[in-house]
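Chemist: Okay, so here is upload.json, and as you'll see once you scroll down, it has JSON, C-alpha atoms and all ligand atoms.
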```
[["chain", "number", "residue", "atom", "x", "y", "z"],
["M", 1, "MET", "CA", 8.67, -23.74, -0.40],
["M", 2, "VAL", "CA", 6.51, -21.60, -2.62],
["M", 3, "ALA", "CA", 3.49, -22.89, -4.45],
["M", 4, "ALA", "CA", 4.41, -21.68, -7.88],
["M", 5, "PHE", "CA", 7.37, -20.37, -9.78],
["M", 6, "SER", "CA", 6.71, -18.70, -13.07],
["M", 7, "SER", "CA", 9.16, -17.18, -15.47],
["M", 8, "CYS", "CA", 11.81, -17.16, -12.81],
["M", 9, "LEU", "CA", 15.32, -16.19, -13.47],
["M", 10, "VAL", "CA", 18.22, -16.09, -11.10],
["M", 11, "ILE", "CA", 20.67, -13.32, -11.84],
["M", 12, "PHE", "CA", 23.44, -13.21, -9.27],
["M", 13, "SER", "CA", 21.56, -13.25, -6.00],
["M", 14, "LEU", "CA", 18.23, -11.78, -7.04],
["M", 15, "VAL", "CA", 15.38, -14.17, -7.58],
["M", 16, "CYS", "CA", 12.17, -13.41, -9.37],
["M", 17, "VAL", "CA", 9.37, -15.40, -7.89],
["M", 18, "ALA", "CA", 5.68, -15.68, -8.42],
["M", 19, "ALA", "CA", 4.58, -16.89, -5.06],
["M", 20, "ALA", "CA", 1.11, -17.77, -3.93],
["M", 21, "GLY", "CA", 1.58, -16.64, -0.40],
["M", 22, "ASN", "CA", 1.45, -18.36, 2.90],
["M", 23, "PHE", "CA", 1.41, -16.03, 5.88],
["M", 24, "TYR", "CA", 3.56, -18.37, 7.96],
["M", 25, "GLN", "CA", 6.29, -18.43, 5.33],
["M", 26, "ASP", "CA", 6.16, -14.90, 4.04],
["M", 27, "PHE", "CA", 5.53, -12.74, 7.10],
["M", 28, "ASP", "CA", 6.49, -12.20, 10.72],
["M", 29, "ILE", "CA", 4.14, -10.66, 13.20],
["M", 30, "THR", "CA", 6.41, -8.01, 14.64],
["M", 31, "TRP", "CA", 4.44, -6.35, 17.40],
["M", 32, "GLY", "CA", 1.18, -6.39, 19.33],
["M", 33, "ASP", "CA", 1.87, -9.08, 21.93],
["M", 34, "GLY", "CA", -0.33, -11.79, 20.44],
["M", 35, "ARG", "CA", -2.85, -9.44, 18.80],
["M", 36, "GLY", "CA", -1.68, -10.46, 15.32],
["M", 37, "LYS", "CA", -2.62, -14.02, 14.37],
["M", 38, "VAL", "CA", -2.00, -16.35, 11.45],
["M", 39, "LEU", "CA", -4.97, -18.66, 10.86],
["M", 40, "ASN", "CA", -6.22, -21.43, 8.58],
["M", 41, "GLY", "CA", -2.81, -23.00, 8.03],
["M", 42, "GLY", "CA", -1.31, -19.74, 6.83],
["M", 43, "GLN", "CA", -4.14, -18.70, 4.51],
["M", 44, "MET", "CA", -5.32, -15.83, 6.66],
["M", 45, "LEU", "CA", -3.88, -13.26, 9.02],
["M", 46, "THR", "CA", -5.71, -10.98, 11.41],
["M", 47, "LEU", "CA", -4.54, -7.87, 13.25],
["M", 48, "SER", "CA", -6.31, -6.55, 16.28],
["M", 49, "LEU", "CA", -6.37, -3.28, 18.20],
["M", 50, "ASP", "CA", -7.60, -2.58, 21.71],
["M", 51, "ARG", "CA", -6.99, 0.16, 24.23],
["M", 52, "THR", "CA", -3.62, -1.33, 25.22],
["M", 53, "SER", "CA", -2.09, -1.90, 21.79],
["M", 54, "GLY", "CA", -2.44, -2.35, 18.08],
["M", 55, "SER", "CA", -0.46, -4.90, 16.10],
["M", 56, "GLY", "CA", 1.55, -5.32, 12.93],
["M", 57, "PHE", "CA", 3.45, -7.62, 10.64],
["M", 58, "GLN", "CA", 6.18, -7.41, 8.02],
["M", 59, "SER", "CA", 7.40, -9.52, 5.13],
["M", 60, "ARG", "CA", 10.46, -11.70, 5.60],
["M", 61, "ASN", "CA", 11.65, -10.77, 2.13],
["M", 62, "GLU", "CA", 12.76, -7.45, 0.82],
["M", 63, "TYR", "CA", 11.82, -6.71, -2.75],
["M", 64, "LEU", "CA", 13.22, -4.47, -5.44],
["M", 65, "PHE", "CA", 10.26, -4.11, -7.80],
["M", 66, "GLY", "CA", 7.25, -6.33, -7.89],
["M", 67, "LYS", "CA", 3.61, -6.84, -8.52],
["M", 68, "ILE", "CA", 2.12, -7.39, -5.11],
["M", 69, "ASP", "CA", -1.48, -8.22, -4.30],
["M", 70, "MET", "CA", -3.07, -8.47, -0.89],
["M", 71, "GLN", "CA", -6.70, -8.93, 0.04],
["M", 72, "LEU", "CA", -7.94, -6.98, 3.04],
["M", 73, "LYS", "CA", -11.19, -6.89, 4.93],
["M", 74, "LEU", "CA", -11.23, -3.79, 7.09],
["M", 75, "VAL", "CA", -12.48, -3.21, 10.64],
["M", 76, "PRO", "CA", -16.28, -3.33, 10.43],
["M", 77, "GLY", "CA", -18.84, -1.17, 12.19],
["M", 78, "ASN", "CA", -17.60, 1.84, 14.08],
["M", 79, "SER", "CA", -13.94, 1.97, 13.07],
["M", 80, "ALA", "CA", -13.55, 5.72, 13.71],
["M", 81, "GLY", "CA", -10.09, 6.62, 14.99],
["M", 82, "THR", "CA", -8.47, 3.44, 13.70],
["M", 83, "VAL", "CA", -5.96, 3.28, 10.87],
["M", 84, "THR", "CA", -5.01, 0.19, 8.90],
["M", 85, "ALA", "CA", -1.76, 0.81, 7.06],
["M", 86, "TYR", "CA", -0.51, -1.45, 4.32],
["M", 87, "TYR", "CA", 2.70, -0.32, 2.67],
["M", 88, "LEU", "CA", 6.13, -1.01, 1.24],
["M", 89, "SER", "CA", 9.09, 0.69, 2.82],
["M", 90, "SER", "CA", 12.87, 0.68, 2.76],
["M", 91, "GLN", "CA", 15.02, 1.57, 5.77],
["M", 92, "GLY", "CA", 16.88, 4.69, 6.81],
["M", 93, "PRO", "CA", 16.52, 8.48, 6.70],
["M", 94, "THR", "CA", 16.29, 8.66, 2.91],
["M", 95, "HIS", "CA", 13.84, 5.80, 2.66],
["M", 96, "ASP", "CA", 11.37, 5.08, -0.10],
["M", 97, "GLU", "CA", 7.80, 4.17, 0.71],
["M", 98, "ILE", "CA", 4.60, 3.27, -1.12],
["M", 99, "ASP", "CA", 1.52, 3.62, 1.09],
["M", 100, "PHE", "CA", -2.04, 2.49, 1.30],
["M", 101, "GLU", "CA", -3.72, 3.68, 4.51],
["M", 102, "PHE", "CA", -7.33, 3.06, 5.41],
["M", 103, "LEU", "CA", -8.79, 5.64, 7.75],
["M", 104, "GLY", "CA", -11.72, 4.28, 9.72],
["M", 105, "ASN", "CA", -15.04, 5.98, 10.21],
["M", 106, "LEU", "CA", -18.34, 5.83, 12.09],
["M", 107, "SER", "CA", -20.74, 3.06, 11.03],
["M", 108, "GLY", "CA", -22.28, 4.00, 7.74],
["M", 109, "ASP", "CA", -19.72, 6.71, 6.96],
["M", 110, "PRO", "CA", -17.16, 5.89, 4.29],
["M", 111, "TYR", "CA", -13.57, 4.85, 4.92],
["M", 112, "THR", "CA", -10.93, 7.06, 3.35],
["M", 113, "LEU", "CA", -8.25, 5.35, 1.31],
["M", 114, "HIS", "CA", -5.11, 7.43, 1.65],
["M", 115, "THR", "CA", -2.12, 6.90, -0.68],
["M", 116, "ASN", "CA", 1.36, 8.38, -0.66],
["M", 117, "VAL", "CA", 4.76, 7.87, -2.27],
["M", 118, "PHE", "CA", 8.04, 8.70, -0.54],
["M", 119, "SER", "CA", 11.18, 8.90, -2.56],
["M", 120, "GLN", "CA", 14.56, 9.37, -0.88],
["M", 121, "GLY", "CA", 12.93, 10.42, 2.37],
["M", 122, "LYS", "CA", 10.47, 12.89, 0.88],
["M", 123, "GLY", "CA", 6.74, 12.26, 0.77],
["M", 124, "ASN", "CA", 4.04, 14.95, 0.66],
["M", 125, "ARG", "CA", 2.37, 13.29, -2.30],
["M", 126, "GLU", "CA", -0.98, 12.40, -0.80],
["M", 127, "GLN", "CA", -3.98, 11.38, -2.81],
["M", 128, "GLN", "CA", -7.14, 10.19, -1.09],
["M", 129, "PHE", "CA", -10.10, 8.26, -2.39],
["M", 130, "LYS", "CA", -13.49, 7.01, -1.36],
["M", 131, "LEU", "CA", -14.19, 3.40, -2.29],
["M", 132, "TRP", "CA", -17.03, 2.24, -4.51],
["M", 133, "PHE", "CA", -17.88, -0.64, -2.15],
["M", 134, "ASP", "CA", -18.02, -1.34, 1.57],
["M", 135, "PRO", "CA", -14.45, -2.50, 2.35],
["M", 136, "THR", "CA", -15.58, -4.12, 5.63],
["M", 137, "LYS", "CA", -18.10, -6.57, 4.18],
["M", 138, "ASP", "CA", -15.77, -8.71, 2.04],
["M", 139, "PHE", "CA", -12.14, -9.11, 1.07],
["M", 140, "HIS", "CA", -10.96, -6.80, -1.71],
["M", 141, "THR", "CA", -7.65, -6.80, -3.52],
["M", 142, "TYR", "CA", -5.22, -3.91, -3.09],
["M", 143, "SER", "CA", -2.28, -4.07, -5.46],
["M", 144, "ILE", "CA", 0.97, -2.30, -6.02],
["M", 145, "LEU", "CA", 2.79, -2.63, -9.31],
["M", 146, "TRP", "CA", 6.27, -1.22, -8.82],
["M", 147, "ASN", "CA", 8.71, -1.26, -11.70],
["M", 148, "PRO", "CA", 11.42, 1.16, -12.86],
["M", 149, "GLN", "CA", 8.90, 3.39, -14.64],
["M", 150, "HIS", "CA", 5.69, 3.22, -12.63],
["M", 151, "ILE", "CA", 4.13, 2.77, -9.23],
["M", 152, "ILE", "CA", 0.55, 1.83, -9.96],
["M", 153, "PHE", "CA", -1.95, 1.49, -7.12],
["M", 154, "SER", "CA", -4.97, -0.67, -7.96],
["M", 155, "VAL", "CA", -8.13, -1.70, -6.17],
["M", 156, "ASP", "CA", -9.78, -4.92, -7.37],
["M", 157, "GLY", "CA", -7.78, -4.61, -10.57],
["M", 158, "THR", "CA", -8.82, -1.02, -11.26],
["M", 159, "PRO", "CA", -5.90, 1.40, -11.27],
["M", 160, "ILE", "CA", -6.49, 4.42, -9.05],
["M", 161, "ARG", "CA", -3.08, 6.09, -9.16],
["M", 162, "ASP", "CA", -0.03, 5.97, -11.40],
["M", 163, "PHE", "CA", 3.09, 7.59, -9.94],
["M", 164, "ARG", "CA", 5.44, 7.72, -12.86],
["M", 165, "ASN", "CA", 9.16, 7.94, -13.08],
["M", 166, "ASN", "CA", 9.75, 11.65, -13.62],
["M", 167, "GLU", "CA", 13.49, 11.65, -13.05],
["M", 168, "ALA", "CA", 13.78, 13.56, -16.31],
["M", 169, "LYS", "CA", 12.02, 16.42, -14.49],
["M", 170, "GLY", "CA", 14.26, 16.05, -11.46],
["M", 171, "VAL", "CA", 11.83, 14.03, -9.35],
["M", 172, "PRO", "CA", 13.54, 11.14, -7.53],
["M", 173, "PHE", "CA", 11.92, 7.76, -8.17],
["M", 174, "PRO", "CA", 12.14, 4.75, -5.84],
["M", 175, "LYS", "CA", 14.31, 2.29, -7.69],
["M", 176, "ASN", "CA", 17.47, 1.56, -5.74],
["M", 177, "GLN", "CA", 16.36, 0.67, -2.23],
["M", 178, "PRO", "CA", 14.73, -2.70, -1.57],
["M", 179, "MET", "CA", 11.50, -2.54, 0.40],
["M", 180, "ARG", "CA", 9.67, -4.79, 2.78],
["M", 181, "ILE", "CA", 5.89, -5.11, 3.02],
["M", 182, "TYR", "CA", 4.45, -3.84, 6.29],
["M", 183, "SER", "CA", 1.00, -3.64, 7.76],
["M", 184, "SER", "CA", -0.35, -2.42, 11.03],
["M", 185, "LEU", "CA", -3.59, -1.57, 12.76],
["M", 186, "TRP", "CA", -3.33, 1.20, 15.30],
["M", 187, "ASN", "CA", -5.13, 4.00, 17.06],
["M", 188, "ALA", "CA", -4.77, 7.39, 15.38],
["M", 189, "ASP", "CA", -7.81, 9.17, 16.77],
["M", 190, "ASP", "CA", -5.85, 12.39, 17.14],
["M", 191, "TRP", "CA", -6.13, 12.87, 13.34],
["M", 192, "ALA", "CA", -7.67, 10.00, 11.41],
["M", 193, "THR", "CA", -11.41, 10.56, 11.41],
["M", 194, "ARG", "CA", -12.81, 13.95, 10.47],
["M", 195, "GLY", "CA", -9.42, 15.35, 11.24],
["M", 196, "GLY", "CA", -9.42, 14.00, 14.82],
["M", 197, "LEU", "CA", -12.88, 15.19, 15.86],
["M", 198, "VAL", "CA", -14.26, 11.64, 16.11],
["M", 199, "LYS", "CA", -12.51, 9.50, 18.72],
["M", 200, "THR", "CA", -12.07, 5.74, 18.94],
["M", 201, "ASP", "CA", -14.97, 4.10, 20.79],
["M", 202, "TRP", "CA", -13.10, 1.60, 22.96],
["M", 203, "SER", "CA", -16.34, -0.10, 23.98],
["M", 204, "LYS", "CA", -16.29, -1.56, 20.42],
["M", 205, "ALA", "CA", -12.77, -3.06, 20.85],
["M", 206, "PRO", "CA", -11.15, -5.28, 19.83],
["M", 207, "PHE", "CA", -11.04, -3.91, 16.30],
["M", 208, "ILE", "CA", -9.99, -6.53, 13.77],
["M", 209, "ALA", "CA", -8.70, -6.33, 10.18],
["M", 210, "SER", "CA", -8.17, -9.49, 8.10],
["M", 211, "TYR", "CA", -5.74, -10.39, 5.30],
["M", 212, "SER", "CA", -5.76, -13.16, 2.73],
["M", 213, "ASN", "CA", -4.48, -14.20, -0.70],
["M", 214, "PHE", "CA", -1.12, -12.49, -0.59],
["M", 215, "ASN", "CA", 0.60, -12.85, -3.93],
["M", 216, "ALA", "CA", 3.99, -11.43, -4.85],
["M", 217, "ASP", "CA", 5.29, -11.62, -8.37],
["M", 218, "ALA", "CA", 8.38, -9.82, -7.26],
["M", 219, "CYS", "CA", 12.14, -9.54, -7.23],
["M", 220, "VAL", "CA", 13.43, -10.79, -3.93],
["M", 221, "TRP", "CA", 16.50, -8.99, -2.69],
["M", 222, "SER", "CA", 19.24, -11.07, -1.22],
["M", 223, "ARG", "CA", 22.75, -10.03, -0.26],
["M", 224, "GLY", "CA", 23.28, -7.60, -3.09],
["M", 225, "SER", "CA", 21.43, -6.22, -6.00],
["M", 226, "THR", "CA", 20.44, -6.55, -9.59],
["M", 227, "THR", "CA", 17.17, -6.45, -11.43],
["M", 228, "CYS", "CA", 14.61, -8.96, -12.52],
["M", 229, "SER", "CA", 14.71, -9.61, -16.19],
["M", 230, "ALA", "CA", 12.55, -7.24, -18.17],
["M", 231, "THR", "CA", 12.27, -9.84, -20.91],
["M", 232, "LYS", "CA", 11.01, -12.60, -18.61],
["M", 233, "ASP", "CA", 8.96, -10.54, -16.20],
["M", 234, "SER", "CA", 6.51, -8.64, -18.33],
["M", 235, "TRP", "CA", 5.26, -6.61, -15.37],
["M", 236, "MET", "CA", 8.73, -4.99, -15.20],
["M", 237, "SER", "CA", 7.85, -2.90, -18.22],
["M", 238, "GLN", "CA", 4.11, -2.71, -17.69],
["M", 239, "GLY", "CA", 2.33, 0.62, -17.67],
["M", 240, "LEU", "CA", -1.31, 1.47, -18.25],
["M", 241, "ASP", "CA", -2.86, 0.74, -21.60],
["M", 242, "ALA", "CA", -5.41, 3.19, -22.98],
["M", 243, "ALA", "CA", -8.39, 1.32, -21.47],
["M", 244, "SER", "CA", -6.81, 1.13, -17.99],
["M", 245, "GLN", "CA", -5.88, 4.78, -18.22],
["M", 246, "GLN", "CA", -9.53, 5.63, -18.94],
["M", 247, "ARG", "CA", -10.68, 3.55, -15.97],
["M", 248, "MET", "CA", -8.19, 5.33, -13.72],
["M", 249, "ILE", "CA", -9.33, 8.73, -14.92],
["M", 250, "GLY", "CA", -12.92, 7.68, -14.22],
["M", 251, "VAL", "CA", -12.10, 6.64, -10.65],
["M", 252, "GLN", "CA", -10.13, 9.81, -10.04],
["M", 253, "LYS", "CA", -13.02, 11.91, -11.31],
["M", 254, "ASN", "CA", -15.64, 10.16, -9.21],
["M", 255, "TYR", "CA", -13.83, 8.99, -6.09],
["M", 256, "MET", "CA", -10.77, 11.13, -5.47],
["M", 257, "ILE", "CA", -11.34, 13.36, -2.44],
["M", 258, "TYR", "CA", -7.89, 14.88, -2.07],
["M", 259, "ASN", "CA", -5.02, 15.45, -4.47],
["M", 260, "TYR", "CA", -1.81, 17.21, -3.45],
["M", 261, "CYS", "CA", -1.40, 18.22, -7.07],
["M", 262, "THR", "CA", -4.43, 20.51, -6.86],
["M", 263, "ASP", "CA", -3.83, 21.86, -3.34],
["M", 264, "ALA", "CA", -2.48, 25.30, -4.25],
["M", 265, "LYS", "CA", -2.37, 26.46, -0.60],
["M", 266, "ARG", "CA", 0.28, 23.87, 0.15],
["M", 267, "PHE", "CA", 2.55, 24.86, -2.68],
["M", 268, "PRO", "CA", 2.68, 28.65, -2.84],
["M", 269, "GLN", "CA", 5.94, 28.43, -4.81],
["M", 270, "GLY", "CA", 4.27, 26.22, -7.43],
["M", 271, "PHE", "CA", 3.27, 22.59, -7.69],
["M", 272, "PRO", "CA", 5.85, 19.78, -7.59],
["M", 273, "PRO", "CA", 7.16, 19.00, -11.09],
["M", 274, "GLU", "CA", 5.42, 15.61, -11.29],
["M", 275, "CYS", "CA", 2.07, 17.41, -11.01],
["M", 276, "THR", "CA", 2.46, 19.16, -14.35],
["M", 277, "ILE", "CA", 1.20, 17.07, -17.17],
["M", 278, "ALA", "CA", 3.93, 16.93, -19.78],
["N", 1, "LIG", "C1", -15.93, 9.96, 7.45],
["N", 1, "LIG", "O1", -17.23, 10.37, 7.10],
["N", 1, "LIG", "C2", -17.39, 11.76, 6.98],
["N", 1, "LIG", "C3", -18.88, 12.03, 6.70],
["N", 1, "LIG", "O2", -19.30, 11.37, 5.55],
["N", 1, "LIG", "C4", -16.48, 12.29, 5.89],
["N", 1, "LIG", "O3", -16.56, 13.69, 5.86],
["N", 1, "LIG", "C5", -15.05, 11.87, 6.14],
["N", 1, "LIG", "O4", -14.23, 12.23, 5.05],
["N", 1, "LIG", "C6", -14.98, 10.36, 6.32],
["N", 1, "LIG", "N1", -13.64, 9.85, 6.50],
["N", 1, "LIG", "C7", -12.81, 10.18, 7.48],
["N", 1, "LIG", "C8", -11.54, 9.42, 7.52],
["N", 1, "LIG", "O5", -13.05, 11.03, 8.33]]
```
In structure tokens, what does this structure look like?

Modeler:
Amino acid sequence: MVAAFSSCLVIFSLVCVAAAGNFYQDFDITWGDGRGKVLNGGQMLTLSLDRTSGSGFQSRNEYLFGKIDMQLKLVPGNSAGTVTAYYLSSQGPTHDEIDFEFLGNLSGDPYTLHTNVFSQGKGNREQQFKLWFDPTKDFHTYSILWNPQHIIFSVDGTPIRDFRNNEAKGVPFPKNQPMRIYSSLWNADDWATRGGLVKTDWSKAPFIASYSNFNADACVWSRGSTTCSATKDSWMSQGLDAASQQRMIGVQKNYMIYNYCTDAKRFPQGFPPECTIA
């Protein structure tokens, strides 16, 4: 069923799998009336957006922790007004969510990579970045490492954000609700590009985003709960080593364009506790 199992352990009903993905097996196209397509025997997936509709897909599995890689090639040319969202989310009013969102732009203007973390229904933790490459020319890898202590967002292996477990400071951390992987391409020209000033140019439709090389080294949730084994699954206790930390600081210095933790206007009563460096 899956191409590879590595250091797998079955504890009760939770299975840790390292799966080289196949879009037919791992995902369902959930909306868009034929605008989402699986191609090349399951090796590629495309989403498309036109004036009538966007499209989206979701993983068949739910995961509680994982190291999840996906390659994306974003809508080329004039993508202003379009948003490609790629995220993990649980269900319900107090849901957890880990977001990558790519806000399109006019040809030649940079995409914005928007990130957020929701814990128990509360988000408001936006950080935005420019990218150091053109994300529409080739596939690039966007990764989420989610374990009990960290949510690390990486781009082509370079960490850009580390949302840590700060429960000790009273900040809820996503660690009890299993999440599915979701992605969608839709029209958000009321806000996405230059705050909504630049509208989608429908004469350029259909807009197409492509996905490949999905890989989940993750704990699949099934009828119950437990955890992957921290001894077998080294990513379960992985954080950033000193070198990775330095790389992340470098990216944040050079490419971060918005950080909720420095937006004093938004938090007149003081910054959220996770913003204060211990
Ligand atoms: C689009 O490009 C403009 C001009 O470079 C920039 O100000 C803006 O942040 C970019 N991104 C979005 C999503 O508007």

Chemist: Quick one: residues within 7 Å of ligand LIG 1 (chain N), with all atoms listed in the file, as an MDAnalysis selection string?

Modeler: chainID M and resid 103:106 109:112 192:195

Chemist: Rounded to one decimal place, report the CA of Gly77 (chain M)-CA of Val251 (chain M) distance in Å.

Modeler: 25.1 Å

Chemist: Would you mind listing, for every residue of region 7-110 of chain M within 10 Å of region 154-170 of chain M, the two atoms forming the shortest contact and the distance between them in Å to one decimal, using all atoms listed in the file, sorted by chain and ascending residue number, as JSON lines?

Modeler:
```
{"residue": "M:Asp69", "atom": "CA", "partner": "M:Ser154", "partner_atom": "CA", "distance": 9.1}
{"residue": "M:Met70", "atom": "CA", "partner": "M:Val155", "partner_atom": "CA", "distance": 10.0}
{"residue": "M:Gln71", "atom": "CA", "partner": "M:Asp156", "partner_atom": "CA", "distance": 9.0}
{"residue": "M:Ile98", "atom": "CA", "partner": "M:Phe163", "partner_atom": "CA", "distance": 9.9}
```

Chemist: Of the residues M:Thr46, M:Gln238, M:Gln177, M:Gln120, which is the one nearest to Lys73 (chain M), using all atoms listed in the file?

Modeler: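 Ranked by minimum distance to Lys73 (chain M), first place goes to M:Thr46.
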
Chemist: Which value, in Å to one decimal, gives the distance between CA of Asn215 (chain M) and CA of Ser184 (chain M)?

Modeler: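 Straight-line distance from CA of Asn215 (chain M) to CA of Ser184 (chain M) works out to 18.3 Å.
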
Chemist: If we count all atoms listed in the file and set the cut-off at 12 Å, which residues sit around Pro272 (chain M), ignoring sequence neighbours fewer than 6 positions away in its own chain? Please answer as a count of residues only.

Modeler: 15

Chemist: I'd like the neighbourhood of region 86-96 of chain M as a PyMOL selection string, where a residue qualifies if any of its atoms comes within 7 Å (using only C-alpha atoms), though same-chain residues fewer than 5 positions away should be ignored.

Modeler: chain M and resi 101+118-121+174+177-184

Chemist: Output the selection as a compact mmCIF listing (two decimals), in the coordinates of the input - C-alpha atoms for each residue.

Modeler:
```txt
# COMPACT_ATOMS: atom_id res chain seq x y z
CA GLU M 101 -3.72 3.68 4.51
CA PHE M 118 8.04 8.70 -0.54
CA SER M 119 11.18 8.90 -2.56
CA GLN M 120 14.56 9.37 -0.88
CA GLY M 121 12.93 10.42 2.37
CA PRO M 174 12.14 4.75 -5.84
CA GLN M 177 16.36 0.67 -2.23
CA PRO M 178 14.73 -2.70 -1.57
CA MET M 179 11.50 -2.54 0.40
CA ARG M 180 9.67 -4.79 2.78
CA ILE M 181 5.89 -5.11 3.02
CA TYR M 182 4.45 -3.84 6.29
CA SER M 183 1.00 -3.64 7.76
CA SER M 184 -0.35 -2.42 11.03
```

Chemist: Would you work out the distance separating CA of Gly81 (chain M) from CA of Ile29 (chain M), expressed in Å to one decimal?

Modeler: 22.5 Å

Chemist: With only C-alpha atoms as the atoms that count, which of M:Leu131, M:Leu64, M:Cys275, M:Ile208 lies nearest to Pro76 (chain M)?

Modeler: M:Ile208

Chemist: As JSON, numbers by chain, please: the residues near Lys67 (chain M) (cut-off 9 Å, all atoms listed in the file, same-chain neighbours under 2 positions excluded).

Modeler: {"M": [65, 69, 143, 144, 145, 146, 147, 215, 216, 217, 218, 235, 236]}

Chemist: Quick one: region 197-203 of chain M with all heavy atoms, as a PDB file, in the frame of the given file?

Modeler:
```
ATOM      1  N   LEU M 197     -11.697  14.816  15.074  1.00  0.00           N
ATOM      2  CA  LEU M 197     -12.880  15.190  15.860  1.00  0.00           C
ATOM      3  C   LEU M 197     -13.602  13.966  16.417  1.00  0.00           C
ATOM      4  O   LEU M 197     -14.184  14.016  17.497  1.00  0.00           O
ATOM      5  CB  LEU M 197     -13.873  15.985  14.993  1.00  0.00           C
ATOM      6  CG  LEU M 197     -13.409  17.383  14.583  1.00  0.00           C
ATOM      7  CD1 LEU M 197     -14.426  18.034  13.656  1.00  0.00           C
ATOM      8  CD2 LEU M 197     -13.192  18.240  15.840  1.00  0.00           C
ATOM      9  N   VAL M 198     -13.572  12.843  15.665  1.00  0.00           N
ATOM     10  CA  VAL M 198     -14.260  11.640  16.110  1.00  0.00           C
ATOM     11  C   VAL M 198     -13.232  10.683  16.725  1.00  0.00           C
ATOM     12  O   VAL M 198     -12.247  10.321  16.086  1.00  0.00           O
ATOM     13  CB  VAL M 198     -14.985  10.941  14.940  1.00  0.00           C
ATOM     14  CG1 VAL M 198     -15.775   9.736  15.448  1.00  0.00           C
ATOM     15  CG2 VAL M 198     -15.906  11.913  14.220  1.00  0.00           C
ATOM     16  N   LYS M 199     -13.456  10.323  17.975  1.00  0.00           N
ATOM     17  CA  LYS M 199     -12.510   9.500  18.720  1.00  0.00           C
ATOM     18  C   LYS M 199     -12.865   8.012  18.621  1.00  0.00           C
ATOM     19  O   LYS M 199     -14.007   7.650  18.337  1.00  0.00           O
ATOM     20  CB  LYS M 199     -12.491   9.927  20.191  1.00  0.00           C
ATOM     21  CG  LYS M 199     -12.083  11.381  20.399  1.00  0.00           C
ATOM     22  CD  LYS M 199     -10.667  11.628  19.899  1.00  0.00           C
ATOM     23  CE  LYS M 199     -10.276  13.107  20.027  1.00  0.00           C
ATOM     24  NZ  LYS M 199      -9.029  13.403  19.315  1.00  0.00           N
ATOM     25  N   THR M 200     -11.867   7.185  18.906  1.00  0.00           N
ATOM     26  CA  THR M 200     -12.070   5.740  18.940  1.00  0.00           C
ATOM     27  C   THR M 200     -13.038   5.392  20.072  1.00  0.00           C
ATOM     28  O   THR M 200     -12.886   5.874  21.194  1.00  0.00           O
ATOM     29  CB  THR M 200     -10.716   5.038  19.162  1.00  0.00           C
ATOM     30  OG1 THR M 200      -9.838   5.443  18.119  1.00  0.00           O
ATOM     31  CG2 THR M 200     -10.871   3.527  19.153  1.00  0.00           C
ATOM     32  N   ASP M 201     -14.024   4.560  19.764  1.00  0.00           N
ATOM     33  CA  ASP M 201     -14.970   4.100  20.790  1.00  0.00           C
ATOM     34  C   ASP M 201     -14.465   2.755  21.320  1.00  0.00           C
ATOM     35  O   ASP M 201     -14.716   1.706  20.730  1.00  0.00           O
ATOM     36  CB  ASP M 201     -16.363   3.960  20.169  1.00  0.00           C
ATOM     37  CG  ASP M 201     -17.379   3.427  21.179  1.00  0.00           C
ATOM     38  OD1 ASP M 201     -16.985   3.125  22.337  1.00  0.00           O
ATOM     39  OD2 ASP M 201     -18.558   3.312  20.807  1.00  0.00           O
ATOM     40  N   TRP M 202     -13.751   2.811  22.435  1.00  0.00           N
ATOM     41  CA  TRP M 202     -13.100   1.600  22.960  1.00  0.00           C
ATOM     42  C   TRP M 202     -14.091   0.543  23.418  1.00  0.00           C
ATOM     43  O   TRP M 202     -13.723  -0.620  23.587  1.00  0.00           O
ATOM     44  CB  TRP M 202     -12.107   1.951  24.076  1.00  0.00           C
ATOM     45  CG  TRP M 202     -10.953   2.748  23.550  1.00  0.00           C
ATOM     46  CD1 TRP M 202     -10.660   4.048  23.817  1.00  0.00           C
ATOM     47  CD2 TRP M 202      -9.943   2.293  22.639  1.00  0.00           C
ATOM     48  NE1 TRP M 202      -9.532   4.440  23.128  1.00  0.00           N
ATOM     49  CE2 TRP M 202      -9.071   3.383  22.404  1.00  0.00           C
ATOM     50  CE3 TRP M 202      -9.690   1.077  21.987  1.00  0.00           C
ATOM     51  CZ2 TRP M 202      -7.971   3.287  21.551  1.00  0.00           C
ATOM     52  CZ3 TRP M 202      -8.587   0.986  21.143  1.00  0.00           C
ATOM     53  CH2 TRP M 202      -7.748   2.090  20.936  1.00  0.00           C
ATOM     54  N   SER M 203     -15.353   0.928  23.609  1.00  0.00           N
ATOM     55  CA  SER M 203     -16.340  -0.100  23.980  1.00  0.00           C
ATOM     56  C   SER M 203     -16.570  -1.062  22.829  1.00  0.00           C
ATOM     57  O   SER M 203     -17.110  -2.146  23.010  1.00  0.00           O
ATOM     58  CB  SER M 203     -17.672   0.553  24.406  1.00  0.00           C
ATOM     59  OG  SER M 203     -18.371   1.022  23.263  1.00  0.00           O
TER      60      SER M 203
END
```
